[in-house]
file my_file28.txt (compact mmCIF, C-alpha atoms and all ligand atoms)
# COMPACT_ATOMS: atom_id res chain seq x y z
CA MET A 219 27.19 1.72 -43.31
CA LYS A 220 25.91 -1.44 -41.67
CA MET A 221 22.41 -1.15 -40.24
CA ALA A 222 21.00 -3.17 -37.34
CA ALA A 223 17.88 -5.05 -38.50
CA PRO A 224 14.48 -4.14 -37.01
CA ILE A 225 13.68 -6.08 -33.85
CA SER A 226 10.44 -7.31 -32.37
CA ILE A 227 10.01 -7.16 -28.62
CA HIS A 228 7.29 -7.78 -26.07
CA LEU A 229 6.38 -5.05 -23.64
CA GLU A 230 4.31 -5.59 -20.54
CA PHE A 231 2.95 -2.95 -18.17
CA GLY A 232 1.57 -3.88 -14.78
CA GLY A 233 0.93 -2.89 -11.19
CA GLY A 234 -1.08 0.11 -12.40
CA ALA A 235 1.46 1.33 -15.01
CA GLU A 236 -0.90 -0.01 -17.69
CA LEU A 237 -3.30 2.81 -16.79
CA LEU A 238 -0.95 5.17 -18.64
CA PHE A 239 -1.27 2.99 -21.74
CA ASP A 240 -5.04 2.92 -22.13
CA GLY A 241 -5.19 0.01 -19.70
CA VAL A 242 -3.46 -2.27 -22.21
CA LYS A 243 -1.02 -4.58 -20.46
CA THR A 244 0.84 -6.29 -23.29
CA HIS A 245 2.19 -4.78 -26.46
CA HIS A 246 4.11 -6.50 -29.25
CA VAL A 247 6.15 -3.89 -31.01
CA THR A 248 8.70 -3.69 -33.79
CA LEU A 249 11.51 -1.22 -33.41
CA PRO A 250 12.75 0.10 -36.75
CA SER A 251 16.15 -0.54 -38.14
CA GLN A 252 18.85 1.91 -37.06
CA SER A 253 22.63 2.19 -37.27
CA GLU A 254 23.28 1.26 -33.63
CA PRO A 255 21.63 -1.60 -31.75
CA TRP A 256 18.67 -0.44 -29.66
CA ASP A 257 19.25 0.06 -25.97
CA VAL A 258 16.76 0.56 -23.14
CA LYS A 259 17.38 4.28 -23.05
CA GLN A 260 16.26 4.58 -26.67
CA LEU A 261 13.38 2.22 -26.00
CA LEU A 262 12.08 4.58 -23.32
CA GLU A 263 12.15 7.48 -25.76
CA TRP A 264 10.36 5.33 -28.30
CA ILE A 265 7.70 4.35 -25.74
CA LYS A 266 7.20 7.98 -24.79
CA ALA A 267 6.76 8.99 -28.44
CA ASN A 268 4.67 6.03 -29.57
CA LEU A 269 2.82 4.33 -26.74
CA LEU A 270 2.35 6.62 -23.75
CA LYS A 271 -1.19 7.93 -23.73
CA GLU A 272 -1.20 10.30 -20.80
CA ARG A 273 0.82 11.99 -18.10
CA PRO A 274 4.27 10.94 -19.37
CA GLU A 275 5.87 12.32 -16.20
CA LEU A 276 4.28 9.47 -14.27
CA PHE A 277 6.29 7.02 -16.35
CA ILE A 278 9.46 8.79 -17.43
CA GLN A 279 11.54 11.24 -15.43
CA GLY A 280 14.44 12.79 -17.29
CA THR A 281 15.94 10.00 -19.34
CA THR A 282 14.93 7.11 -17.12
CA VAL A 283 11.82 5.54 -15.63
CA ARG A 284 10.19 7.26 -12.74
CA PRO A 285 11.51 5.97 -9.40
CA GLY A 286 9.09 3.35 -8.10
CA ILE A 287 8.63 1.66 -11.47
CA LEU A 288 10.40 -1.69 -11.62
CA VAL A 289 11.87 -2.92 -14.87
CA LEU A 290 12.44 -6.57 -15.73
CA ILE A 291 14.37 -7.67 -18.77
CA ASN A 292 13.60 -11.26 -19.70
CA ASP A 293 12.34 -11.88 -16.16
CA ALA A 294 15.43 -10.41 -14.50
CA ASP A 295 15.73 -7.17 -12.56
CA TRP A 296 17.18 -4.60 -14.97
CA GLU A 297 19.67 -3.61 -12.28
CA LEU A 298 21.42 -6.88 -13.11
CA MET A 299 21.30 -6.23 -16.84
CA GLY A 300 22.91 -2.84 -17.24
CA GLU A 301 19.70 -0.79 -16.91
CA LEU A 302 19.54 1.92 -19.59
CA ASP A 303 22.59 0.58 -21.43
CA TYR A 304 21.23 -2.91 -22.00
CA LYS A 305 21.29 -3.74 -25.72
CA LEU A 306 17.95 -5.11 -26.81
CA GLN A 307 17.77 -8.43 -28.65
CA ASP A 308 15.06 -9.65 -30.96
CA GLN A 309 12.16 -11.22 -28.96
CA ASP A 310 13.22 -9.68 -25.65
CA ASN A 311 10.54 -9.35 -23.02
CA ILE A 312 10.54 -6.08 -21.09
CA VAL A 313 8.20 -5.62 -18.11
CA PHE A 314 7.41 -2.39 -16.30
CA ILE A 315 5.67 -2.71 -12.95
CA SER A 316 4.51 0.26 -10.94
CA THR A 317 4.94 -0.08 -7.20
CA LEU A 318 3.14 3.20 -6.62
CA HIS A 319 -0.44 2.01 -6.88
CA GLY A 320 -2.57 0.89 -3.96
CA GLY A 321 -1.32 -1.67 -1.49
CA MET B 216 27.06 -12.81 -19.02
CA PRO B 217 24.34 -13.70 -16.53
CA VAL B 218 25.00 -12.80 -12.90
CA LEU B 219 24.96 -15.83 -10.61
CA CYS B 220 22.95 -15.99 -7.41
CA SER B 221 25.23 -14.96 -4.56
CA ARG B 222 23.53 -17.37 -2.17
CA CYS B 223 23.38 -20.72 -3.99
CA GLU B 224 26.02 -19.81 -6.57
CA ILE B 225 24.33 -22.17 -9.03
CA LYS B 226 21.34 -20.44 -10.56
CA LYS B 227 21.06 -17.24 -12.51
CA ALA B 228 20.23 -14.20 -10.37
CA HIS B 229 16.85 -12.61 -11.03
CA LEU B 230 16.95 -9.59 -8.80
CA LYS B 231 19.15 -7.26 -6.88
CA ARG B 232 17.89 -6.72 -3.35
CA PRO B 233 17.57 -3.04 -2.44
CA LYS B 234 18.17 -3.81 1.21
CA THR B 235 21.45 -5.69 0.90
CA GLY B 236 22.59 -5.27 -2.69
CA HIS B 237 22.73 -9.07 -3.02
CA SER B 238 21.88 -10.68 -6.34
CA LEU B 239 19.59 -13.66 -5.89
CA CYS B 240 17.85 -16.33 -7.92
CA LYS B 241 14.08 -16.66 -7.52
CA GLU B 242 14.15 -19.60 -5.12
CA CYS B 243 16.75 -18.05 -2.85
CA PHE B 244 14.85 -14.74 -2.92
CA PHE B 245 11.57 -16.41 -1.90
CA TRP B 246 13.38 -18.18 0.90
CA VAL B 247 15.19 -15.15 2.36
CA PHE B 248 12.11 -12.95 1.98
CA GLU B 249 9.95 -15.42 3.90
CA GLU B 250 12.65 -16.04 6.50
CA GLU B 251 13.00 -12.32 7.17
CA VAL B 252 9.27 -12.02 7.75
CA HIS B 253 9.47 -15.05 10.04
CA HIS B 254 12.30 -13.36 11.90
CA SER B 255 10.23 -10.17 12.31
CA ILE B 256 7.34 -12.23 13.65
CA VAL B 257 9.40 -14.27 16.08
CA SER B 258 11.68 -11.54 17.36
CA ALA B 259 8.81 -9.18 18.12
CA LYS B 260 6.64 -12.07 19.42
CA LEU B 261 3.77 -10.90 17.26
CA PHE B 262 1.53 -13.93 17.76
CA ASN B 263 0.73 -16.68 20.23
CA ARG B 264 -0.28 -20.23 19.43
CA GLY B 265 -4.03 -20.70 19.19
CA GLU B 266 -4.82 -17.11 18.27
CA THR B 267 -7.25 -16.15 15.56
CA VAL B 268 -5.51 -13.64 13.33
CA GLY B 269 -7.39 -11.47 10.87
CA ILE B 270 -5.31 -10.54 7.85
CA GLY B 271 -6.49 -7.19 6.55
CA ALA B 272 -7.05 -8.07 2.89
CA SER B 273 -7.66 -5.38 0.30
CA GLY B 274 -6.80 -7.37 -2.81
CA GLY B 275 -3.75 -5.14 -3.29
CA LYS B 276 -0.17 -6.34 -3.55
CA ASP B 277 0.84 -5.90 0.08
CA SER B 278 -2.03 -7.73 1.68
CA THR B 279 -1.93 -10.43 -0.99
CA VAL B 280 1.75 -11.10 -0.29
CA LEU B 281 1.08 -10.91 3.45
CA ALA B 282 -1.70 -13.49 3.23
CA HIS B 283 0.46 -15.79 1.15
CA VAL B 284 3.52 -15.52 3.41
CA MET B 285 1.47 -15.88 6.61
CA LYS B 286 -0.06 -19.04 5.23
CA VAL B 287 3.38 -20.43 4.23
CA LEU B 288 4.98 -19.57 7.58
CA ASN B 289 2.06 -20.78 9.68
CA GLU B 290 2.58 -24.18 8.06
CA ARG B 291 6.37 -24.17 7.83
CA TYR B 292 6.89 -23.19 11.47
CA ASP B 293 3.67 -24.51 12.92
CA TYR B 294 2.65 -21.20 14.52
CA GLY B 295 -0.70 -22.78 15.33
CA LEU B 296 -2.61 -19.70 14.19
CA ASN B 297 -6.11 -19.64 12.91
CA LEU B 298 -5.81 -17.29 9.94
CA ILE B 299 -8.72 -15.52 8.32
CA LEU B 300 -8.85 -12.94 5.57
CA LEU B 301 -10.67 -9.85 6.69
CA SER B 302 -11.93 -7.42 4.09
CA VAL B 303 -13.80 -4.19 4.28
CA ASP B 304 -16.33 -3.28 1.63
CA GLU B 305 -16.53 0.50 1.61
CA GLY B 306 -19.33 0.41 -0.90
CA ILE B 307 -17.49 2.22 -3.68
CA THR B 308 -18.96 1.11 -6.97
CA GLY B 309 -16.32 -0.11 -9.40
CA TYR B 310 -13.38 0.15 -7.06
CA ARG B 311 -14.19 -2.29 -4.31
CA ASP B 312 -16.17 -4.56 -6.58
CA ASP B 313 -13.04 -5.47 -8.51
CA SER B 314 -10.71 -5.67 -5.56
CA LEU B 315 -13.16 -7.81 -3.58
CA GLU B 316 -13.26 -10.20 -6.53
CA THR B 317 -9.49 -10.48 -6.14
CA VAL B 318 -9.82 -11.18 -2.43
CA LYS B 319 -12.41 -13.86 -3.17
CA ARG B 320 -10.00 -15.56 -5.56
CA ASN B 321 -7.26 -15.29 -2.93
CA GLN B 322 -9.54 -17.06 -0.48
CA GLU B 323 -9.69 -20.04 -2.81
CA GLN B 324 -6.03 -19.87 -3.80
CA TYR B 325 -4.80 -19.81 -0.20
CA GLU B 326 -7.62 -21.85 1.30
CA LEU B 327 -8.24 -19.28 3.99
CA PRO B 328 -11.68 -18.32 5.26
CA LEU B 329 -12.80 -14.87 4.17
CA LYS B 330 -14.99 -12.45 6.08
CA ILE B 331 -16.20 -9.30 4.41
CA VAL B 332 -17.65 -6.53 6.54
CA SER B 333 -19.36 -3.66 4.79
CA TYR B 334 -19.54 0.02 5.67
CA GLU B 335 -23.26 -0.55 5.49
CA GLU B 336 -23.03 -3.01 8.42
CA LEU B 337 -20.42 -1.00 10.33
CA TYR B 338 -21.69 2.51 9.85
CA GLY B 339 -25.06 2.29 8.12
CA TRP B 340 -23.61 4.29 5.22
CA THR B 341 -21.68 3.29 2.10
CA MET B 342 -18.95 5.57 0.68
CA ASP B 343 -21.13 6.16 -2.36
CA THR B 344 -24.04 7.41 -0.25
CA ILE B 345 -21.64 9.52 1.84
CA VAL B 346 -20.24 11.15 -1.28
CA LYS B 347 -23.77 11.88 -2.40
CA GLN B 348 -24.36 13.79 0.79
CA VAL B 349 -21.03 15.52 1.38
CA GLY B 350 -19.67 15.96 -2.15
CA LEU B 351 -16.35 14.89 -3.55
CA LYS B 352 -14.24 17.56 -1.89
CA ASN B 353 -14.79 16.54 1.70
CA ASN B 354 -15.18 12.82 1.33
CA CYS B 355 -11.52 12.09 2.12
CA THR B 356 -12.08 13.12 5.72
CA PHE B 357 -14.69 10.38 5.90
CA CYS B 358 -12.71 7.96 3.83
CA GLY B 359 -9.65 8.24 6.06
CA VAL B 360 -11.43 8.21 9.42
CA PHE B 361 -13.83 5.42 8.54
CA ARG B 362 -11.18 3.30 6.93
CA ARG B 363 -8.87 3.59 9.93
CA GLN B 364 -11.60 2.20 12.18
CA ALA B 365 -13.25 -0.24 9.84
CA LEU B 366 -10.78 -3.07 10.32
CA ASP B 367 -10.98 -2.75 14.09
CA ARG B 368 -14.73 -2.62 14.12
CA GLY B 369 -14.91 -5.56 11.74
CA ALA B 370 -12.39 -7.51 13.78
CA MET B 371 -14.38 -6.85 16.95
CA MET B 372 -17.54 -8.04 15.25
CA LEU B 373 -15.80 -11.26 14.21
CA GLU B 374 -14.00 -11.71 17.54
CA VAL B 375 -10.49 -12.09 16.18
CA ASP B 376 -7.57 -11.80 18.62
CA LYS B 377 -5.23 -9.81 16.40
CA ILE B 378 -5.16 -7.98 13.12
CA CYS B 379 -2.19 -7.92 10.83
CA THR B 380 -1.88 -5.53 7.94
CA GLY B 381 0.30 -5.40 4.85
CA HIS B 382 2.14 -2.17 5.69
CA ASN B 383 5.62 -2.41 4.27
CA ALA B 384 8.87 -0.56 4.92
CA ASP B 385 8.05 2.08 2.32
CA ASP B 386 4.66 2.72 3.93
CA VAL B 387 6.19 3.06 7.36
CA ALA B 388 8.90 5.41 6.09
CA GLU B 389 6.26 7.48 4.32
CA THR B 390 4.20 7.71 7.50
CA VAL B 391 7.26 8.72 9.53
CA LEU B 392 7.91 11.48 7.03
CA MET B 393 4.28 12.66 6.99
CA ASN B 394 4.00 12.75 10.78
CA PHE B 395 7.29 14.59 10.93
CA LEU B 396 6.13 17.16 8.38
CA ARG B 397 2.90 17.67 10.28
CA GLY B 398 4.65 17.82 13.62
CA ASP B 399 2.43 15.04 14.89
CA ILE B 400 4.68 13.83 17.68
CA ALA B 401 2.21 11.40 19.21
CA ARG B 402 1.72 9.57 15.93
CA LEU B 403 5.39 9.83 15.02
CA ARG B 404 6.14 7.90 18.17
CA ARG B 405 3.57 5.19 17.49
CA CYS B 406 3.85 4.76 13.76
CA THR B 407 7.14 2.89 13.71
CA ALA B 408 6.00 0.27 16.23
CA ILE B 409 5.72 -3.16 14.64
CA SER B 410 2.77 -3.93 16.86
CA THR B 411 0.39 -1.73 18.72
CA GLY B 412 -2.53 -2.25 20.99
CA SER B 413 -3.27 1.42 21.13
CA GLU B 414 -5.22 2.46 18.04
CA GLY B 415 -8.25 0.34 18.66
CA ALA B 416 -9.35 -2.35 21.04
CA ILE B 417 -7.67 -5.08 19.02
CA PRO B 418 -3.86 -5.38 18.78
CA ARG B 419 -2.47 -4.74 15.34
CA CYS B 420 0.81 -5.69 13.77
CA LYS B 421 2.78 -5.26 10.58
CA PRO B 422 4.77 -8.40 9.76
CA LEU B 423 6.05 -6.79 6.53
CA LYS B 424 7.37 -3.72 8.33
CA TYR B 425 10.93 -4.33 7.14
CA ALA B 426 10.03 -5.59 3.66
CA TYR B 427 10.77 -3.23 0.80
CA GLU B 428 8.01 -2.51 -1.64
CA LYS B 429 10.24 -3.52 -4.52
CA GLU B 430 10.67 -6.97 -3.00
CA ILE B 431 6.96 -7.31 -2.26
CA VAL B 432 6.10 -6.48 -5.84
CA LEU B 433 8.72 -8.86 -7.22
CA TYR B 434 7.66 -11.58 -4.81
CA ALA B 435 4.09 -11.23 -6.08
CA TYR B 436 5.25 -11.05 -9.68
CA PHE B 437 7.61 -14.04 -9.61
CA LYS B 438 5.10 -16.12 -7.62
CA LYS B 439 2.38 -15.01 -10.04
CA LEU B 440 0.16 -13.97 -7.15
CA ASP B 441 -3.13 -12.50 -8.14
CA TYR B 442 -3.48 -8.88 -7.01
CA PHE B 443 -5.38 -5.78 -7.90
CA SER B 444 -3.81 -2.41 -8.49
CA THR B 445 -5.58 0.87 -8.75
CA GLU B 446 -5.88 4.09 -6.88
CA CYS B 447 -8.94 4.46 -4.69
CA ILE B 448 -11.12 6.68 -6.84
CA TYR B 449 -12.07 8.70 -3.78
CA SER B 450 -8.51 9.11 -2.64
CA PRO B 451 -6.43 11.58 -4.61
CA ASN B 452 -4.21 12.18 -1.60
CA ALA B 453 -1.71 14.56 -3.11
CA TYR B 454 0.28 15.22 0.02
CA ARG B 455 0.98 11.57 0.66
CA GLY B 456 1.76 11.16 -3.03
CA HIS B 457 4.49 13.77 -2.82
CA ALA B 458 5.95 12.19 0.30
CA ARG B 459 6.03 8.89 -1.55
CA SER B 460 7.74 10.25 -4.68
CA PHE B 461 10.25 12.04 -2.49
CA LEU B 462 11.14 8.75 -0.79
CA LYS B 463 11.33 6.96 -4.13
CA ASP B 464 13.70 9.64 -5.41
CA LEU B 465 15.88 9.18 -2.33
CA GLU B 466 15.76 5.41 -2.71
CA SER B 467 16.94 5.61 -6.30
CA ILE B 468 20.05 7.45 -5.10
CA ARG B 469 20.58 5.35 -1.98
CA PRO B 470 18.51 2.17 -1.61
CA SER B 471 18.87 2.04 2.17
CA SER B 472 17.03 5.38 2.54
CA ILE B 473 13.76 3.63 3.34
CA ILE B 474 15.15 1.73 6.29
CA ASP B 475 17.18 4.77 7.34
CA VAL B 476 14.00 6.86 7.63
CA ILE B 477 12.33 4.12 9.68
CA HIS B 478 15.33 3.99 11.99
CA SER B 479 15.24 7.75 12.38
CA GLY B 480 11.60 7.49 13.41
CA GLU B 481 12.35 4.67 15.82
CA ASN B 482 15.20 6.54 17.44
CA LEU B 483 13.59 9.92 17.87
CA SER B 484 12.98 10.40 21.53
CA VAL B 485 10.46 12.83 22.85
CA LYS B 486 11.43 14.95 25.83
CA GLU B 487 9.56 14.11 29.00
CA GLU B 488 8.09 17.57 29.31
CA VAL B 489 6.42 17.41 25.87
CA ARG B 490 2.77 16.98 26.63
CA MET B 491 1.06 14.16 24.80
CA PRO B 492 -2.67 14.29 24.15
CA ILE B 493 -4.48 12.22 26.73
CA GLN B 494 -5.91 9.15 25.09
CA GLY B 495 -9.27 7.94 26.23
CA ASN B 496 -11.95 5.90 24.57
CA CYS B 497 -15.01 6.92 22.67
CA ALA B 498 -18.06 6.73 24.90
CA ARG B 499 -20.14 5.35 22.09
CA CYS B 500 -17.99 2.85 20.22
CA GLY B 501 -14.96 2.29 22.45
CA TYR B 502 -12.41 3.30 19.86
CA ILE B 503 -9.41 5.30 21.03
CA SER B 504 -10.20 9.01 21.16
CA SER B 505 -9.01 12.17 22.85
CA GLN B 506 -12.60 13.46 22.90
CA LYS B 507 -15.71 11.92 24.40
CA LEU B 508 -16.90 10.97 20.93
CA CYS B 509 -14.38 9.73 18.40
CA LYS B 510 -14.05 11.35 15.02
CA ALA B 511 -15.92 8.55 13.24
CA CYS B 512 -18.86 8.78 15.62
CA VAL B 513 -19.03 12.56 15.16
CA LEU B 514 -18.95 12.16 11.38
CA LEU B 515 -21.70 9.56 11.62
CA GLU B 516 -23.81 11.84 13.80
CA GLY B 517 -23.37 14.52 11.18
CA LEU B 518 -24.46 12.23 8.38
CA ASN B 519 -27.41 10.90 10.32
CA ARG B 520 -28.57 14.36 11.34
CA GLY B 521 -28.16 15.67 7.81
CA LEU B 522 -25.36 17.98 8.96
CA PRO B 523 -22.44 16.71 6.92
CA LYS B 524 -20.01 19.43 8.00
CA LEU B 525 -20.30 18.47 11.63
CA GLY B 526 -17.21 16.29 11.78
CA ILE B 527 -15.22 18.57 9.54
CA GLY B 528 -15.69 21.79 11.47
CA LYS B 529 -15.09 22.45 15.15
CA HIS B 530 -17.36 20.38 17.29
CA HIS B 531 -15.70 20.21 20.69
CA LYS B 532 -18.40 22.24 22.42
CA LEU B 533 -21.12 20.06 20.97
CA GLN B 534 -19.72 16.76 22.18
CA ASP B 535 -22.11 16.43 25.12
CA LYS B 536 -25.18 17.18 23.03
CA LEU B 537 -24.11 14.71 20.39
CA LEU B 538 -23.38 12.05 22.94
CA LYS B 539 -26.83 12.40 24.48
CA SER B 540 -28.43 12.63 21.04
CA GLN B 541 -29.89 16.02 21.97
CA PRO B 542 -31.04 18.40 19.27
CA LEU B 543 -28.82 21.32 18.27
CA THR B 544 -29.96 24.93 18.23
CA GLU B 545 -30.93 26.46 14.93
CA GLU B 546 -27.78 28.60 15.04
CA GLU B 547 -25.58 25.52 15.50
CA GLU B 548 -27.35 23.61 12.77
CA LYS B 549 -26.86 26.41 10.29
CA LYS B 550 -23.11 26.22 10.74
CA PHE B 551 -22.87 22.58 9.75
CA LYS B 552 -25.46 22.45 7.05
CA MET B 553 -23.78 24.54 4.40
CA ILE B 554 -23.35 22.47 1.30
CA SER B 555 -21.09 25.08 -0.15
CA PHE B 556 -18.21 22.70 -0.80
ZN ZN C 601 20.06 -19.00 -5.45
ZN ZN C 602 -10.47 9.13 0.31
ZN ZN C 603 -16.73 6.32 18.44
call {"tool": "encode", "arguments": {"input": "my_file28.txt", "output": "structure tokens"}}
result
Amino acid sequence: MKMAAPISIHLEFGGGAELLFDGVKTHHVTLPSQSEPWDVKQLLEWIKANLLKERPELFIQGTTVRPGILVLINDADWELMGELDYKLQDQDNIVFISTLHGG
Amino acid sequence: MPVLCSRCEIKKAHLKRPKTGHSLCKECFFWVFEEEVHHSIVSAKLFNRGETVGIGASGGKDSTVLAHVMKVLNERYDYGLNLILLSVDEGITGYRDDSLETVKRNQEQYELPLKIVSYEELYGWTMDTIVKQVGLKNNCTFCGVFRRQALDRGAMMLEVDKICTGHNADDVAETVLMNFLRGDIARLRRCTAISTGSEGAIPRCKPLKYAYEKEIVLYAYFKKLDYFSTECIYSPNAYRGHARSFLKDLESIRPSSIIDVIHSGENLSVKEEVRMPIQGNCARCGYISSQKLCKACVLLEGLNRGLPKLGIGKHHKLQDKLLKSQPLTEEEEKKFKMISF
């Protein structure tokens, strides 16, 4: 069986979302090799299991991000990129911005 | 396959607008966003040439985007406005310190004069000293009432003609919902207005009233504007939080929900026979009030007399005494002294 190689991606949390990640805004992470290419849906599960420090419900609701958190994939709105189904590429840059914190 | 911008049809699209569903490149997005704010300003005749306009600046995303866009439009369309950033320092250690630093950087970035008025100057009390006296449970009454008036009082002190605030479409929709849930008909009627002269002595307006939060955040992000994001540490307003998540849930199913709620608020009409509270002005500070003394002045009296519960409990019968700075009876004092919260 052919395995997809591990990929390295950049994650950025902002607009207050970083508060759920110990206040750390940027993370460089390596996603392990698996049989299928990684998609955003799996990335969210991985973030929940490996990075989220507190109150996961403020970041993830069901299988997607909590409404009010914007997602950018390589500087583009994820709504243009297939959202949860987007297949991650090595060196992708994924940004999560909360719109729910203080105006 | 990158999606192309539906406006210029040349560049790669960077976002999908919640309001229209259009996919736009960054430049086209900046342009239409600014033009829509310009349209709101012109069609509601928010400003007149020569006016001094105080931009309520908290260092947060909304007011940062507002300041930036006001500056751009004032130049692009030659509004002839004298813009100043107006900030309130509540005196909350840690919270305001950081956000005021952001506002100070904004002042340099946008080359706009900045005036900071402190709770100390306005009320003689900082939020920190209030919390020390009233405890954490009741401070939100103070927080809310004082904050609502602070901009007006500050603006009066600085003699600005108008105040504009960064309230966006999501905020307005949330307020419509909250006033509806509370059955607050008088506020429900007022809260959708893009400009109002009624809350304080100085007219207020919301140039971003029709701007979606998503677009404000992306505007700030793509423009790399410098803003500060955190919850006020004294403001765990759960009720408002639920109203907000509810709206966000609706928006994720149907993006136009935000504007739909605003339109509902705008189109609700109140029957003639529904009695509205009579609005007068506070005899002490001039702020709008249905009592002789406004809520802020009662709270201040309470703090200054060492009776912190005064503004929280019922005080209608005491209004005259408070107004004339007369002492209360021992019985009355006892009621408002309890620090059992
Ligand atoms: Zn374009
Ligand atoms: Zn508060
Ligand atoms: Zn007053």
call {"tool": "interface_residues", "arguments": {"input": "my_file28.txt", "of": "chain B", "to": "chain A", "cutoff": "7 Å", "atoms": "only C-alpha atoms", "output": "short mmCIF file (atom, residue, chain, number, x, y, z; two decimals) with C-alpha atoms, in the frame of the given file"}}
result
data_model
loop_
_atom_site.label_atom_id
_atom_site.label_comp_id
_atom_site.auth_asym_id
_atom_site.auth_seq_id
_atom_site.Cartn_x
_atom_site.Cartn_y
_atom_site.Cartn_z
CA VAL B 218 25.00 -12.80 -12.90
CA HIS B 229 16.85 -12.61 -11.03
CA LEU B 230 16.95 -9.59 -8.80
CA LYS B 231 19.15 -7.26 -6.88
CA GLY B 275 -3.75 -5.14 -3.29
CA LYS B 276 -0.17 -6.34 -3.55
CA ASP B 277 0.84 -5.90 0.08
CA SER B 278 -2.03 -7.73 1.68
CA GLU B 428 8.01 -2.51 -1.64
CA LYS B 429 10.24 -3.52 -4.52
CA VAL B 432 6.10 -6.48 -5.84
CA SER B 444 -3.81 -2.41 -8.49
CA THR B 445 -5.58 0.87 -8.75
CA GLU B 446 -5.88 4.09 -6.88
CA LYS B 463 11.33 6.96 -4.13
CA ASP B 464 13.70 9.64 -5.41
CA SER B 467 16.94 5.61 -6.30
#
call {"tool": "residues_near_ligand", "arguments": {"input": "my_file28.txt", "ligand": "ligand ZN 601 (chain C)", "cutoff": "7 Å", "atoms": "only C-alpha atoms and all ligand atoms", "output": "ChimeraX atom specification"}}
result
/B:220-226,228,239-243
call {"tool": "write_last_selection", "arguments": {"input": "my_file28.txt", "atoms": "C-alpha atoms", "output": "PDB file, in the coordinates of the input"}}
result
ATOM      1  CA  CYS B 220      22.950 -15.990  -7.410  1.00  0.00           C
ATOM      2  CA  SER B 221      25.230 -14.960  -4.560  1.00  0.00           C
ATOM      3  CA  ARG B 222      23.530 -17.370  -2.170  1.00  0.00           C
ATOM      4  CA  CYS B 223      23.380 -20.720  -3.990  1.00  0.00           C
ATOM      5  CA  GLU B 224      26.020 -19.810  -6.570  1.00  0.00           C
ATOM      6  CA  ILE B 225      24.330 -22.170  -9.030  1.00  0.00           C
ATOM      7  CA  LYS B 226      21.340 -20.440 -10.560  1.00  0.00           C
ATOM      8  CA  ALA B 228      20.230 -14.200 -10.370  1.00  0.00           C
ATOM      9  CA  LEU B 239      19.590 -13.660  -5.890  1.00  0.00           C
ATOM     10  CA  CYS B 240      17.850 -16.330  -7.920  1.00  0.00           C
ATOM     11  CA  LYS B 241      14.080 -16.660  -7.520  1.00  0.00           C
ATOM     12  CA  GLU B 242      14.150 -19.600  -5.120  1.00  0.00           C
ATOM     13  CA  CYS B 243      16.750 -18.050  -2.850  1.00  0.00           C
TER      14      CYS B 243
END
call {"tool": "residues_around", "arguments": {"input": "my_file28.txt", "residues": "range 325-341 of chain B", "least_positions_apart": "4", "cutoff": "8 Å", "atoms": "all atoms listed in the file", "output": "PyMOL selection string"}}
result
chain B and resi 282-283+286+298-307+319+321+345+365+368-369+515
call {"tool": "residues_near_ligand", "arguments": {"input": "my_file28.txt", "ligand": "ligand ZN 603 (chain C)", "cutoff": "10 Å", "atoms": "only C-alpha atoms and all ligand atoms", "output": "mmCIF file with C-alpha atoms, in the frame of the given file"}}
result
data_model
loop_
_atom_site.group_PDB
_atom_site.id
_atom_site.type_symbol
_atom_site.label_atom_id
_atom_site.label_comp_id
_atom_site.auth_asym_id
_atom_site.auth_seq_id
_atom_site.Cartn_x
_atom_site.Cartn_y
_atom_site.Cartn_z
ATOM 1 C CA GLN B 364 -11.600 2.200 12.180
ATOM 2 C CA ASN B 496 -11.950 5.900 24.570
ATOM 3 C CA CYS B 497 -15.010 6.920 22.670
ATOM 4 C CA ALA B 498 -18.060 6.730 24.900
ATOM 5 C CA ARG B 499 -20.140 5.350 22.090
ATOM 6 C CA CYS B 500 -17.990 2.850 20.220
ATOM 7 C CA GLY B 501 -14.960 2.290 22.450
ATOM 8 C CA TYR B 502 -12.410 3.300 19.860
ATOM 9 C CA ILE B 503 -9.410 5.300 21.030
ATOM 10 C CA SER B 504 -10.200 9.010 21.160
ATOM 11 C CA GLN B 506 -12.600 13.460 22.900
ATOM 12 C CA LYS B 507 -15.710 11.920 24.400
ATOM 13 C CA LEU B 508 -16.900 10.970 20.930
ATOM 14 C CA CYS B 509 -14.380 9.730 18.400
ATOM 15 C CA LYS B 510 -14.050 11.350 15.020
ATOM 16 C CA ALA B 511 -15.920 8.550 13.240
ATOM 17 C CA CYS B 512 -18.860 8.780 15.620
ATOM 18 C CA VAL B 513 -19.030 12.560 15.160
ATOM 19 C CA LEU B 514 -18.950 12.160 11.380
ATOM 20 C CA LEU B 515 -21.700 9.560 11.620
ATOM 21 C CA LEU B 538 -23.380 12.050 22.940
#
call {"tool": "residues_around", "arguments": {"input": "my_file28.txt", "residues": "Val313 in chain A", "least_positions_apart": "2", "cutoff": "6 Å", "atoms": "all atoms listed in the file", "output": "PyMOL selection string"}}
result
chain A and resi 229-231+289-290
call {"tool": "atom_distance", "arguments": {"input": "my_file28.txt", "atom1": "CA of Lys259 in chain A", "atom2": "CA of Ala223 in chain A"}}
result
18.1 Å
call {"tool": "atom_distance", "arguments": {"input": "my_file28.txt", "atom1": "CA of Ser258 in chain B", "atom2": "CA of Lys234 in chain B"}}
result
19.0 Å
call {"tool": "atom_distance", "arguments": {"input": "my_file28.txt", "atom1": "CA of Lys539 in chain B", "atom2": "atom ZN of ligand ZN 602 (chain C)"}}
result
29.4 Å
call {"tool": "closest_residue", "arguments": {"input": "my_file28.txt", "among": "B:Ala435, B:Val349, B:Val360, B:Leu219", "to": "ligand ZN 602 (chain C)", "atoms": "all atoms listed in the file"}}
result
B:Val360
